[in-house]
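Pasted below: entry.cif, mmCIF, C-alpha atoms.
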data_coords
#
loop_
_atom_site.label_atom_id
_atom_site.label_comp_id
_atom_site.auth_asym_id
_atom_site.auth_seq_id
_atom_site.Cartn_x
_atom_site.Cartn_y
_atom_site.Cartn_z
CA MET S 1279 -1.49 41.37 3.48
CA ARG S 1280 -2.19 42.55 7.00
CA ILE S 1281 0.50 42.95 9.64
CA SER S 1282 -0.21 43.20 13.35
CA TYR S 1283 2.21 44.36 16.04
CA ASN S 1284 2.03 46.48 19.22
CA ASN S 1285 -1.74 45.78 19.26
CA GLU S 1286 -2.25 47.57 15.93
CA THR S 1287 -2.97 46.17 12.45
CA PHE S 1288 -1.80 47.61 9.13
CA ASN S 1289 -2.26 46.85 5.44
CA LEU S 1290 1.00 46.28 3.58
CA THR S 1291 1.21 46.99 -0.14
CA ASP S 1292 3.16 44.84 -2.60
CA THR S 1293 6.26 47.01 -2.50
CA GLY S 1294 5.81 48.49 0.94
CA ILE S 1295 8.53 48.58 3.59
CA LEU S 1296 7.46 48.39 7.21
CA GLU S 1297 9.80 49.56 9.98
CA ILE S 1298 9.09 47.88 13.29
CA GLU S 1299 10.63 48.83 16.62
CA LYS S 1300 10.14 46.63 19.67
CA GLU S 1301 11.56 47.25 23.13
CA ILE S 1302 12.41 44.03 24.95
CA ASP S 1303 14.22 43.81 28.28
CA LEU S 1304 16.65 40.88 28.23
CA TYR S 1305 18.96 39.73 31.02
CA PRO S 1306 21.92 37.37 30.53
CA ASN S 1307 20.81 34.91 33.21
CA ASP S 1308 17.16 34.79 32.17
CA LYS S 1309 16.74 31.85 29.80
CA SER S 1310 13.09 31.15 30.52
CA VAL S 1311 11.78 32.77 27.33
CA GLU S 1312 12.61 30.88 24.14
CA HIS S 1313 10.73 32.93 21.54
CA TYR S 1314 9.46 36.51 21.81
CA PRO S 1315 6.62 37.48 19.41
CA ILE S 1316 7.44 40.37 17.07
CA LEU S 1317 4.56 40.58 14.61
CA GLU S 1318 1.64 38.59 13.17
CA ILE S 1319 1.03 38.01 9.45
CA LYS S 1320 -2.51 37.48 8.13
CA ASN S 1321 -4.16 37.24 4.69
CA LEU S 1322 -0.95 36.30 2.88
CA GLU S 1323 -2.20 34.81 -0.40
CA GLU S 1324 -1.49 31.10 -0.64
CA GLY S 1325 -0.31 29.40 -3.83
CA THR S 1326 1.41 32.55 -5.13
CA LYS S 1327 4.98 33.79 -5.02
CA SER S 1328 4.10 36.45 -2.47
CA LYS S 1329 6.48 36.70 0.47
CA LEU S 1330 7.57 39.07 3.17
CA GLU S 1331 11.34 39.65 3.32
CA ILE S 1332 13.30 40.73 6.38
CA ASN S 1333 15.36 43.51 4.89
CA SER S 1334 17.48 44.55 7.88
CA PHE S 1335 17.71 43.96 11.61
CA TYR S 1336 19.20 46.11 14.34
CA ILE S 1337 19.78 45.43 18.04
CA ASN S 1338 20.32 48.61 20.06
CA SER S 1339 20.95 50.35 16.70
CA VAL S 1340 23.80 47.91 15.91
CA ASP S 1341 23.34 46.36 12.46
CA VAL S 1342 23.21 42.56 12.39
CA GLU S 1343 25.16 41.09 9.49
CA ALA S 1344 23.04 39.54 6.73
CA GLY S 1345 24.79 36.19 7.15
CA GLU S 1346 23.54 35.74 10.71
CA MET S 1347 20.27 37.68 10.57
CA GLN S 1348 18.10 34.60 10.04
CA ASP S 1349 19.52 33.00 13.22
CA PHE S 1350 17.52 35.48 15.29
CA PHE S 1351 14.08 34.68 13.86
CA SER S 1352 11.54 31.86 13.93
CA LEU S 1353 8.04 31.63 12.44
CA THR S 1354 5.11 30.02 14.18
CA VAL S 1355 3.08 28.86 11.17
CA THR S 1356 -0.70 29.02 11.83
CA GLY S 1357 -3.91 29.37 9.79
CA ASN S 1358 -2.57 28.26 6.40
CA LYS S 1359 -4.68 26.25 3.96
CA TYR S 1360 -1.86 24.18 2.49
CA ALA S 1361 0.59 24.02 5.39
CA SER S 1362 0.30 22.38 8.80
CA ASP S 1363 0.91 24.37 11.94
CA CYS S 1364 4.58 24.18 12.90
CA LEU S 1365 7.61 26.16 14.00
CA ILE S 1366 10.22 27.21 11.44
CA GLU S 1367 13.57 28.44 12.70
CA LYS S 1368 16.24 30.42 10.84
CA VAL S 1369 13.87 32.71 8.98
CA SER S 1370 14.84 35.48 6.57
CA GLN S 1371 11.67 35.58 4.49
CA ILE S 1372 8.05 34.74 5.33
CA CYS S 1373 5.90 32.70 2.94
CA PHE S 1374 3.18 31.65 5.41
CA ASN S 1375 0.70 33.27 7.74
CA GLY S 1376 1.70 33.10 11.36
CA LYS S 1377 3.75 34.84 14.04
CA LEU S 1378 7.31 36.04 13.59
CA ASN S 1379 9.36 35.55 16.75
CA LEU S 1380 12.68 36.73 18.07
CA ILE S 1381 14.70 33.68 19.18
CA VAL S 1382 15.84 34.60 22.67
CA LYS S 1383 17.16 31.57 24.53
CA LYS S 1384 19.52 30.27 21.85
CA ASN S 1385 20.89 33.75 21.18
CA MET S 1386 21.59 34.83 24.75
CA LYS S 1387 25.37 34.64 24.19
CA ARG S 1388 25.05 36.72 21.04
CA PHE S 1389 23.09 39.42 22.82
CA PHE S 1390 25.64 39.79 25.61
CA TRP S 1391 28.89 38.78 23.93
CA SER S 1392 31.82 41.18 24.06
CA PRO S 1393 34.87 41.10 21.79
CA PHE S 1394 36.99 41.36 24.95
CA TYR S 1395 36.93 39.05 27.97
CA THR S 1396 34.37 40.08 30.60
CA THR S 1397 34.09 39.10 34.27
CA ASN S 1398 32.80 40.52 37.53
CA LYS S 1399 36.38 41.32 38.56
CA ARG S 1400 38.01 44.67 37.83
CA ASN S 1401 41.52 43.27 37.47
CA ASP S 1402 41.25 40.09 35.44
CA PHE S 1403 42.91 38.77 32.29
CA VAL S 1404 42.86 40.90 29.15
CA TYR S 1405 41.99 38.83 26.08
CA ASP S 1406 40.37 39.36 22.69
CA ASN S 1407 37.52 36.85 22.29
CA ARG S 1408 37.62 37.31 18.52
CA LEU S 1409 40.83 35.26 18.47
CA ALA S 1410 38.67 32.20 19.07
CA CYS S 1411 36.74 32.97 15.86
CA LEU S 1412 39.60 33.19 13.37
CA ALA S 1413 39.09 31.26 10.15
CA GLU S 1414 41.90 28.90 9.23
CA GLY S 1415 43.93 29.80 6.18
CA THR S 1416 43.10 33.52 6.18
CA GLU S 1417 45.92 35.92 5.35
CA GLN S 1418 47.70 37.04 8.52
CA TYR S 1419 48.23 40.57 7.25
CA LYS S 1420 44.49 41.21 7.58
CA ASN S 1421 43.05 42.63 10.78
CA LEU S 1422 41.04 40.50 13.19
CA ASP S 1423 37.62 41.50 11.89
CA GLN S 1424 38.66 40.62 8.33
CA ARG S 1425 39.88 37.18 9.47
CA LEU S 1426 36.78 36.21 11.45
CA GLY S 1427 35.19 32.90 10.57
CA VAL S 1428 32.22 31.50 12.47
CA LYS S 1429 31.51 33.57 15.56
CA VAL S 1430 31.46 31.13 18.45
CA TYR S 1431 30.63 33.79 21.09
CA LEU S 1432 32.99 32.38 23.68
CA ASN S 1433 34.22 34.41 26.65
CA LEU S 1434 37.83 33.40 27.33
CA PRO S 1435 40.59 34.65 29.66
CA HIS S 1436 43.29 33.43 27.27
CA LYS S 1437 43.95 30.82 24.59
CA THR S 1438 43.90 27.14 25.57
CA ILE S 1439 46.93 26.42 27.78
CA ASP S 1440 47.91 23.33 29.78
CA GLU S 1441 47.65 24.48 33.40
CA ASN S 1442 49.60 21.45 34.65
CA LYS S 1443 52.67 22.14 32.54
CA SER S 1444 55.81 23.87 33.82
CA PHE S 1445 57.17 26.38 31.30
CA GLY S 1446 60.71 27.65 30.91
CA LEU S 1447 59.71 31.16 29.82
CA GLY S 1448 56.69 33.33 30.58
CA CYS S 1449 56.46 35.82 27.70
CA PHE S 1450 54.45 39.04 27.85
CA GLY S 1451 53.96 42.04 25.61
CA CYS S 1452 51.88 43.54 22.82
CA SER S 1453 51.44 42.62 19.15
CA VAL S 1454 55.20 42.18 18.71
CA THR S 1455 55.31 39.34 21.25
CA PHE S 1456 51.93 38.04 20.08
CA GLY S 1457 53.35 37.81 16.55
CA THR S 1458 50.82 39.78 14.54
CA ALA S 1459 51.12 39.01 10.81
CA LEU S 1460 53.70 36.27 11.47
CA ASP S 1461 53.68 32.50 11.80
CA TYR S 1462 54.04 31.55 15.46
CA LYS S 1463 57.33 29.76 14.67
CA GLU S 1464 58.80 33.10 13.52
CA VAL S 1465 58.02 34.99 16.74
CA TRP S 1466 60.73 35.49 19.37
CA PRO S 1467 59.24 33.32 22.17
CA SER S 1468 59.27 30.31 19.82
CA LEU S 1469 62.78 31.17 18.65
CA LEU S 1470 64.07 31.21 22.25
CA THR S 1471 62.36 27.99 23.35
CA GLN S 1472 59.39 25.84 22.42
CA ASN S 1473 58.65 25.47 26.12
CA HIS S 1474 57.15 28.91 26.66
CA LEU S 1475 53.92 30.51 27.85
CA ASN S 1476 52.74 33.49 25.79
CA LEU S 1477 50.10 35.76 27.36
CA SER S 1478 50.65 38.74 25.09
CA LEU S 1479 47.91 40.51 23.14
CA PRO S 1480 47.84 43.01 20.26
CA GLY S 1481 47.44 46.59 21.47
CA LEU S 1482 48.33 45.74 25.06
CA GLY S 1483 49.91 48.46 27.20
CA ILE S 1484 52.06 48.11 30.29
CA ASP S 1485 49.02 47.98 32.59
CA GLY S 1486 47.51 45.18 30.49
CA ILE S 1487 50.79 43.29 30.65
CA TYR S 1488 50.65 43.65 34.44
CA LEU S 1489 47.10 42.24 34.59
CA ASN S 1490 47.99 39.19 32.50
CA LEU S 1491 51.17 38.69 34.54
CA LEU S 1492 49.30 39.06 37.84
CA ASN S 1493 46.57 36.60 36.89
CA GLY S 1494 48.97 34.29 35.06
CA LEU S 1495 51.04 33.83 38.22
CA LYS S 1496 47.94 32.53 39.99
CA LYS S 1497 47.20 29.98 37.28
CA PHE S 1498 50.42 28.88 35.54
CA ASP S 1499 53.97 27.91 36.42
CA TRP S 1500 57.06 29.19 34.60
CA GLN S 1501 60.67 29.79 35.52
CA THR S 1502 61.77 33.07 33.92
CA THR S 1503 59.79 36.11 32.77
CA VAL S 1504 60.63 38.04 29.58
CA ILE S 1505 58.72 41.17 28.57
CA VAL S 1506 59.04 43.24 25.40
CA LEU S 1507 57.45 46.49 26.47
CA PRO S 1508 55.39 48.77 24.19
CA ASN S 1509 55.38 52.57 24.37
CA TRP S 1510 54.11 54.47 27.43
CA GLU S 1511 51.00 55.86 25.69
CA ARG S 1512 48.71 52.88 26.12
CA LYS S 1513 46.12 52.14 28.71
CA ILE S 1514 43.45 49.62 29.61
CA LEU S 1515 39.96 51.13 29.34
CA ARG S 1516 37.55 49.46 31.74
CA PHE S 1517 33.91 49.57 30.81
CA HIS S 1518 31.04 48.41 33.00
CA LEU S 1519 28.51 46.67 30.79
CA PRO S 1520 24.73 46.72 31.38
CA SER S 1521 25.05 43.02 32.29
CA GLY S 1522 27.04 44.12 35.36
CA GLN S 1523 30.35 42.70 34.13
CA VAL S 1524 33.56 44.55 33.39
CA THR S 1525 35.43 44.37 30.10
CA ARG S 1526 39.06 45.44 29.81
CA VAL S 1527 40.01 46.83 26.41
CA PRO S 1528 43.60 47.74 25.44
CA ALA S 1529 43.83 51.14 23.81
CA ALA S 1530 46.75 52.88 22.11
CA LEU S 1531 45.94 56.49 22.94
CA THR S 1532 47.78 57.95 19.98
CA ARG S 1533 44.93 59.68 18.15
CA GLU S 1534 41.84 61.63 19.06
CA TRP S 1535 38.51 59.82 19.08
CA ALA S 1536 37.29 61.39 15.85
CA HIS S 1537 40.34 60.07 13.94
CA HIS S 1538 40.87 56.77 15.71
CA GLN S 1539 39.79 53.36 14.39
CA PHE S 1540 38.69 52.63 17.94
CA LYS S 1541 35.73 54.95 17.37
CA HIS S 1542 34.32 52.82 14.58
CA TRP S 1543 34.96 49.57 16.44
CA ALA S 1544 33.19 50.77 19.59
CA TRP S 1545 30.34 52.39 17.71
CA LYS S 1546 29.47 49.59 15.31
CA THR S 1547 30.75 46.27 16.54
CA PHE S 1548 31.45 46.52 20.25
CA ASN S 1549 28.48 44.92 21.95
CA ARG S 1550 24.82 44.47 21.14
CA GLN S 1551 23.83 45.11 24.71
CA LEU S 1552 25.08 48.70 24.49
CA THR S 1553 22.64 51.51 23.88
CA GLN S 1554 23.41 54.85 22.26
CA SER S 1555 23.85 56.29 25.76
CA ASP S 1556 26.34 53.55 26.64
CA ARG S 1557 28.40 54.28 23.54
CA SER S 1558 28.39 57.98 24.34
CA ARG S 1559 29.80 57.17 27.75
CA TRP S 1560 32.43 55.00 26.06
CA LYS S 1561 33.43 57.96 23.92
CA ASN S 1562 33.78 60.14 27.01
CA ILE S 1563 35.97 57.53 28.71
CA TYR S 1564 38.28 57.41 25.69
CA GLN S 1565 38.49 61.21 25.39
CA LYS S 1566 39.25 61.56 29.10
CA ASN S 1567 42.11 59.08 28.83
CA PHE S 1568 43.40 60.71 25.63
CA GLN S 1569 43.57 64.03 27.44
CA SER S 1570 45.44 62.32 30.29
CA MET S 1571 47.94 61.10 27.72
CA MET S 1572 48.35 64.63 26.33
CA ASP S 1573 48.96 65.90 29.88
CA GLY S 1574 51.65 63.29 30.49
CA LYS S 1575 49.62 61.43 33.09
CA VAL S 1576 49.45 58.17 31.13
CA GLU S 1577 53.25 58.01 30.88
CA LYS S 1578 53.53 58.58 34.63
CA TYR S 1579 50.88 55.91 35.19
CA SER S 1580 52.66 53.37 32.96
CA LYS S 1581 55.94 53.93 34.82
CA LYS S 1582 54.18 53.26 38.12
CA ILE S 1583 52.78 50.01 36.70
CA LEU S 1584 56.22 48.97 35.43
CA THR S 1585 57.54 49.31 38.99
CA MET S 1586 54.70 47.05 40.13
CA ILE S 1587 55.67 44.48 37.47
CA VAL S 1588 59.27 44.38 38.73
CA ASP S 1589 58.12 44.02 42.35
CA LEU S 1590 55.61 41.31 41.44
CA CYS S 1591 58.23 39.14 39.72
CA GLU S 1592 60.63 39.57 42.64
CA ARG S 1593 57.99 38.49 45.16
CA HIS S 1594 57.21 35.37 43.15
CA GLY S 1595 60.83 34.49 42.54
CA LYS S 1596 60.55 34.83 38.77
CA PRO S 1597 63.76 36.31 37.27
CA LEU S 1598 62.66 39.18 35.03
CA TYR S 1599 64.24 40.40 31.79
CA LEU S 1600 63.02 43.56 30.07
CA THR S 1601 63.41 45.23 26.71
CA SER S 1602 61.28 47.37 24.38
CA TRP S 1603 60.83 48.29 20.75
CA ASP S 1604 60.20 51.92 21.82
CA GLU S 1605 63.33 54.02 22.24
CA ASP S 1606 61.91 56.28 24.96
CA VAL S 1607 60.90 53.29 27.07
CA TYR S 1608 64.17 51.46 26.47
CA THR S 1609 66.38 54.37 27.57
CA GLU S 1610 64.58 54.51 30.93
CA LEU S 1611 64.69 50.79 31.80
CA LYS S 1612 67.82 51.28 33.91
CA SER S 1613 65.65 53.24 36.35
CA PHE S 1614 63.51 50.15 36.98
CA ILE S 1615 65.80 47.14 36.86
CA GLU S 1616 69.51 46.28 37.06
CA SER S 1617 71.41 46.47 33.78
CA LYS S 1618 72.12 42.71 33.56
CA ARG S 1619 68.34 42.19 33.33
CA ILE S 1620 67.99 44.58 30.38
CA LEU S 1621 68.02 42.77 27.06
CA PRO S 1622 69.11 44.35 23.73
CA PHE S 1623 66.78 46.85 22.11
CA PHE S 1624 64.17 45.20 19.86
CA GLU S 1625 65.07 46.71 16.49
CA THR S 1626 62.89 46.52 13.39
CA ILE S 1627 65.04 45.54 10.41
CA ASP S 1628 62.26 44.13 8.22
CA GLU S 1629 58.46 44.20 8.02
CA ALA S 1630 55.80 41.55 8.49
CA VAL S 1631 53.32 41.04 5.66
CA ASP S 1632 51.00 43.68 7.13
CA ARG S 1633 53.81 46.26 6.72
CA LEU S 1634 53.08 47.51 10.25
CA HIS S 1635 54.96 45.09 12.52
CA PRO S 1636 58.52 43.75 12.74
CA GLY S 1637 59.19 40.89 10.36
CA PRO S 1638 60.76 37.46 10.89
CA ASP S 1639 64.35 38.73 10.48
CA SER S 1640 63.77 41.28 13.25
CA HIS S 1641 62.59 38.56 15.62
CA LYS S 1642 65.45 36.21 14.69
CA LYS S 1643 68.14 38.86 15.08
CA TRP S 1644 66.83 39.89 18.50
CA ALA S 1645 66.40 36.30 19.69
CA ASP S 1646 69.99 35.49 18.65
CA LYS S 1647 71.25 38.45 20.70
CA ALA S 1648 69.06 37.74 23.75
CA ARG S 1649 69.40 33.96 23.93
CA GLY S 1650 72.74 33.89 25.76
CA LEU S 1651 71.67 36.58 28.22
CA ILE S 1652 68.56 34.83 29.55
CA LYS S 1653 68.93 32.16 32.21
CA ILE S 1654 66.13 29.61 31.97
#

Represent the supplied structure as structure tokens.
Amino acid sequence: MRISYNNETFNLTDTGILEIEKEIDLYPNDKSVEHYPILEIKNLEEGTKSKLEINSFYINSVDVEAGEMQDFFSLTVTGNKYASDCLIEKVSQICFNGKLNLIVKKNMKRFFWSPFYTTNKRNDFVYDNRLACLAEGTEQYKNLDQRLGVKVYLNLPHKTIDENKSFGLGCFGCSVTFGTALDYKEVWPSLLTQNHLNLSLPGLGIDGIYLNLLNGLKKFDWQTTVIVLPNWERKILRFHLPSGQVTRVPAALTREWAHHQFKHWAWKTFNRQLTQSDRSRWKNIYQKNFQSMMDGKVEKYSKKILTMIVDLCERHGKPLYLTSWDEDVYTELKSFIESKRILPFFETIDEAVDRLHPGPDSHKKWADKARGLIKI
């Protein structure tokens, strides 16, 4: 068998492995090219079981999962004695002479998709796009990546919400308010009222809560705002992608980069448009913010944002109630808001199935205490 690519031709032995590297400049708005030629196969014996298998595929050094690898390739079949010229899509192994192509147009979303919502604005919604890919029936104690079903590659500001509806409560917070590892009926917003808007997100810090509150006020209508605050040591990390857009990623700055799960997420699964240099810059951004946390600057920053949250709700006439599951945050709430607007401390008395988050009894006990204190 003879393989041609980059204007050179090579003989390939029966058990040989050929590593091919092609540099292709792709832009998210350029959909003019449908298929990009990768290599040409000649002299493949016909009528035998000979075949050429695609063993692995990397985009910007990020490994493409075996289950979706074939979606990136097509084969232009030419010069075969027993097969007519045609185009075969979804290719993982080659049994005919012809040209192997990279499918560009249909995969544009895959090339530039980010797990977190991206826009041209610096201060937009914070949302995890992977939430749109969750498989039904998967165990809720598993993390998001373990629960992924078919990747739909959507870019969403939030889950589907009726923009014409008027809600009693606007609920904001982190994984506790989101209800990680719980059924939505067991989470405190649902226990307080079915007529609620929930713009919380796992891992969200106080600045992320502010962004979702700020943008939510422009888009939705609700009467009263309730926020269960996380700890101070969280921060949105903004990253400018090569596409020119900004992604906002919530980060709990509790561990150094080398020991943080964030490292593995950013390095392996963050975005196929990122190069090694981009990921190195991402690492530097995280380390810089971690050092700010160690120096106490992140706590000071979060307190400033909390003041902005209080002012924002007052300007929009949305009565605000605050609490927290973090003792340090809770003890300082009286410095930000009058005591009648401070709800009982969110205490963990049981665990969710992931053994990391408050369980259904914790949510019910807190909701029972808070219900009579909130005016809707």

List as a compact mmCIF listing (two decimals) with C-alpha atoms, keeping the file's coordinate frame the protein and nucleic acid residues near S:Gly1457, meaning an atom at most 12 Å away when only C-alpha atoms are counted, but skip any in the same chain fewer than 5 places from it.
# COMPACT_ATOMS: atom_id res chain seq x y z
CA GLN S 1418 47.70 37.04 8.52
CA TYR S 1419 48.23 40.57 7.25
CA CYS S 1449 56.46 35.82 27.70
CA PHE S 1450 54.45 39.04 27.85
CA GLY S 1451 53.96 42.04 25.61
CA CYS S 1452 51.88 43.54 22.82
CA TYR S 1462 54.04 31.55 15.46
CA LYS S 1463 57.33 29.76 14.67
CA GLU S 1464 58.80 33.10 13.52
CA VAL S 1465 58.02 34.99 16.74
CA TRP S 1466 60.73 35.49 19.37
CA PRO S 1467 59.24 33.32 22.17
CA SER S 1468 59.27 30.31 19.82
CA LEU S 1469 62.78 31.17 18.65
CA ASN S 1476 52.74 33.49 25.79
CA LEU S 1477 50.10 35.76 27.36
CA SER S 1478 50.65 38.74 25.09
CA LEU S 1479 47.91 40.51 23.14
CA PRO S 1480 47.84 43.01 20.26
CA GLY S 1481 47.44 46.59 21.47
CA VAL S 1506 59.04 43.24 25.40
CA GLU S 1629 58.46 44.20 8.02
CA ALA S 1630 55.80 41.55 8.49
CA VAL S 1631 53.32 41.04 5.66
CA ASP S 1632 51.00 43.68 7.13
CA LEU S 1634 53.08 47.51 10.25
CA HIS S 1635 54.96 45.09 12.52
CA PRO S 1636 58.52 43.75 12.74
CA GLY S 1637 59.19 40.89 10.36
CA PRO S 1638 60.76 37.46 10.89
CA SER S 1640 63.77 41.28 13.25
CA HIS S 1641 62.59 38.56 15.62

Next item on the list: Find the spatial neighbours of S:Lys1368, counting all atoms listed in the file, within a cut-off of 7 Å - ignore same-chain residues fewer than 4 positions away - and output them as a list in words.
Entry: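 Listed by chain and then number, they are Gln1348, Asp1349, Phe1350, Phe1351 and Ser1352 of chain S.
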
Margin query: Quick one: residues within 12 Å of S:Val1527, all atoms listed in the file, excluding same-chain residues fewer than 6 positions away - as a PyMOL selection string?
Written below: chain S and resi 1392-1396+1400-1407+1479-1483+1485-1486+1489+1512-1518+1540+1543-1544+1548+1560+1563-1564

Next item on the list: Kindly provide, as number ranges by chain, the polymer residues lying within 8 Å of (47.9, 55.7, 28.7), counting only C-alpha atoms and using the coordinates exactly as they appear in the file.
Entry: S: 1483, 1510-1514, 1529-1531, 1567-1568, 1570-1571, 1575-1577, 1579-1580

Next item on the list: May I ask for the distance between atom CA of S:Thr1471 and atom CA of S:Thr1626, given in Å to one decimal place?
Entry: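 Separating atom CA of S:Thr1471 from atom CA of S:Thr1626 is a distance of 21.0 Å.
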
Next item on the list: Would you please work out which residue, of S:Ala1648, S:Leu1290, S:Leu1475, S:Leu1460, is nearest to S:Lys1437 when using all atoms listed in the file?
Entry: S:Leu1475

Margin query: Counting all atoms listed in the file, which residue out of S:Asn1385, S:Gln1371, S:Gln1501, S:Gln1551 sits closest to S:Lys1329?
Written below: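 Among the listed residues, the smallest separation from S:Lys1329 belongs to S:Gln1371.
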
Notebook entry, point to check: Hey, which of S:Asp1556, S:Glu1592, S:Glu1414, S:Asp1308 ends up closest to S:Asn1338? Count only C-alpha atoms.
Noted result: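 Of S:Asp1556, S:Glu1592, S:Glu1414, S:Asp1308, the one nearest S:Asn1338 is S:Asp1556, counting only C-alpha atoms.
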
Check: Interatomic distance between atom CA of S:Arg1425 and atom CA of S:Arg1633?
Finding: 16.9 Å

Checklist line | Long-range neighbours of S:Tyr1488 as number ranges by chain, 9 Å cut-off, only C-alpha atoms, 5 positions minimum in chain | finding: S: 1450, 1483, 1493, 1583-1584, 1586-1587, 1590

Next item on the list: Rank S:Gly1446, S:Gly1522, S:Met1347, S:Thr1532 by their smallest atom-to-atom distance to S:Gln1569, using only C-alpha atoms, and report the top residue only.
Entry: S:Thr1532

Notebook entry, point to check: Near S:Lys1359, counting all atoms listed in the file, which residues have an atom at most 12 Å away, once you skip same-chain residues fewer than 3 positions from it, shown as a ChimeraX atom specification?
Noted result: /S:1321-1325,1355-1356,1362-1363,1374-1376

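Using only C-alpha atoms, the smallest distance between any of S:Ile1319, S:Glu1417, S:Ser1602, S:Tyr1608 and S:Trp1644 comes from S:Ser1602.
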
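Each of S:Thr1416, S:Ile1337, S:Asn1421, S:Arg1533 was compared to S:Asp1303 using all atoms listed in the file, and S:Ile1337 turns out to be the nearest.
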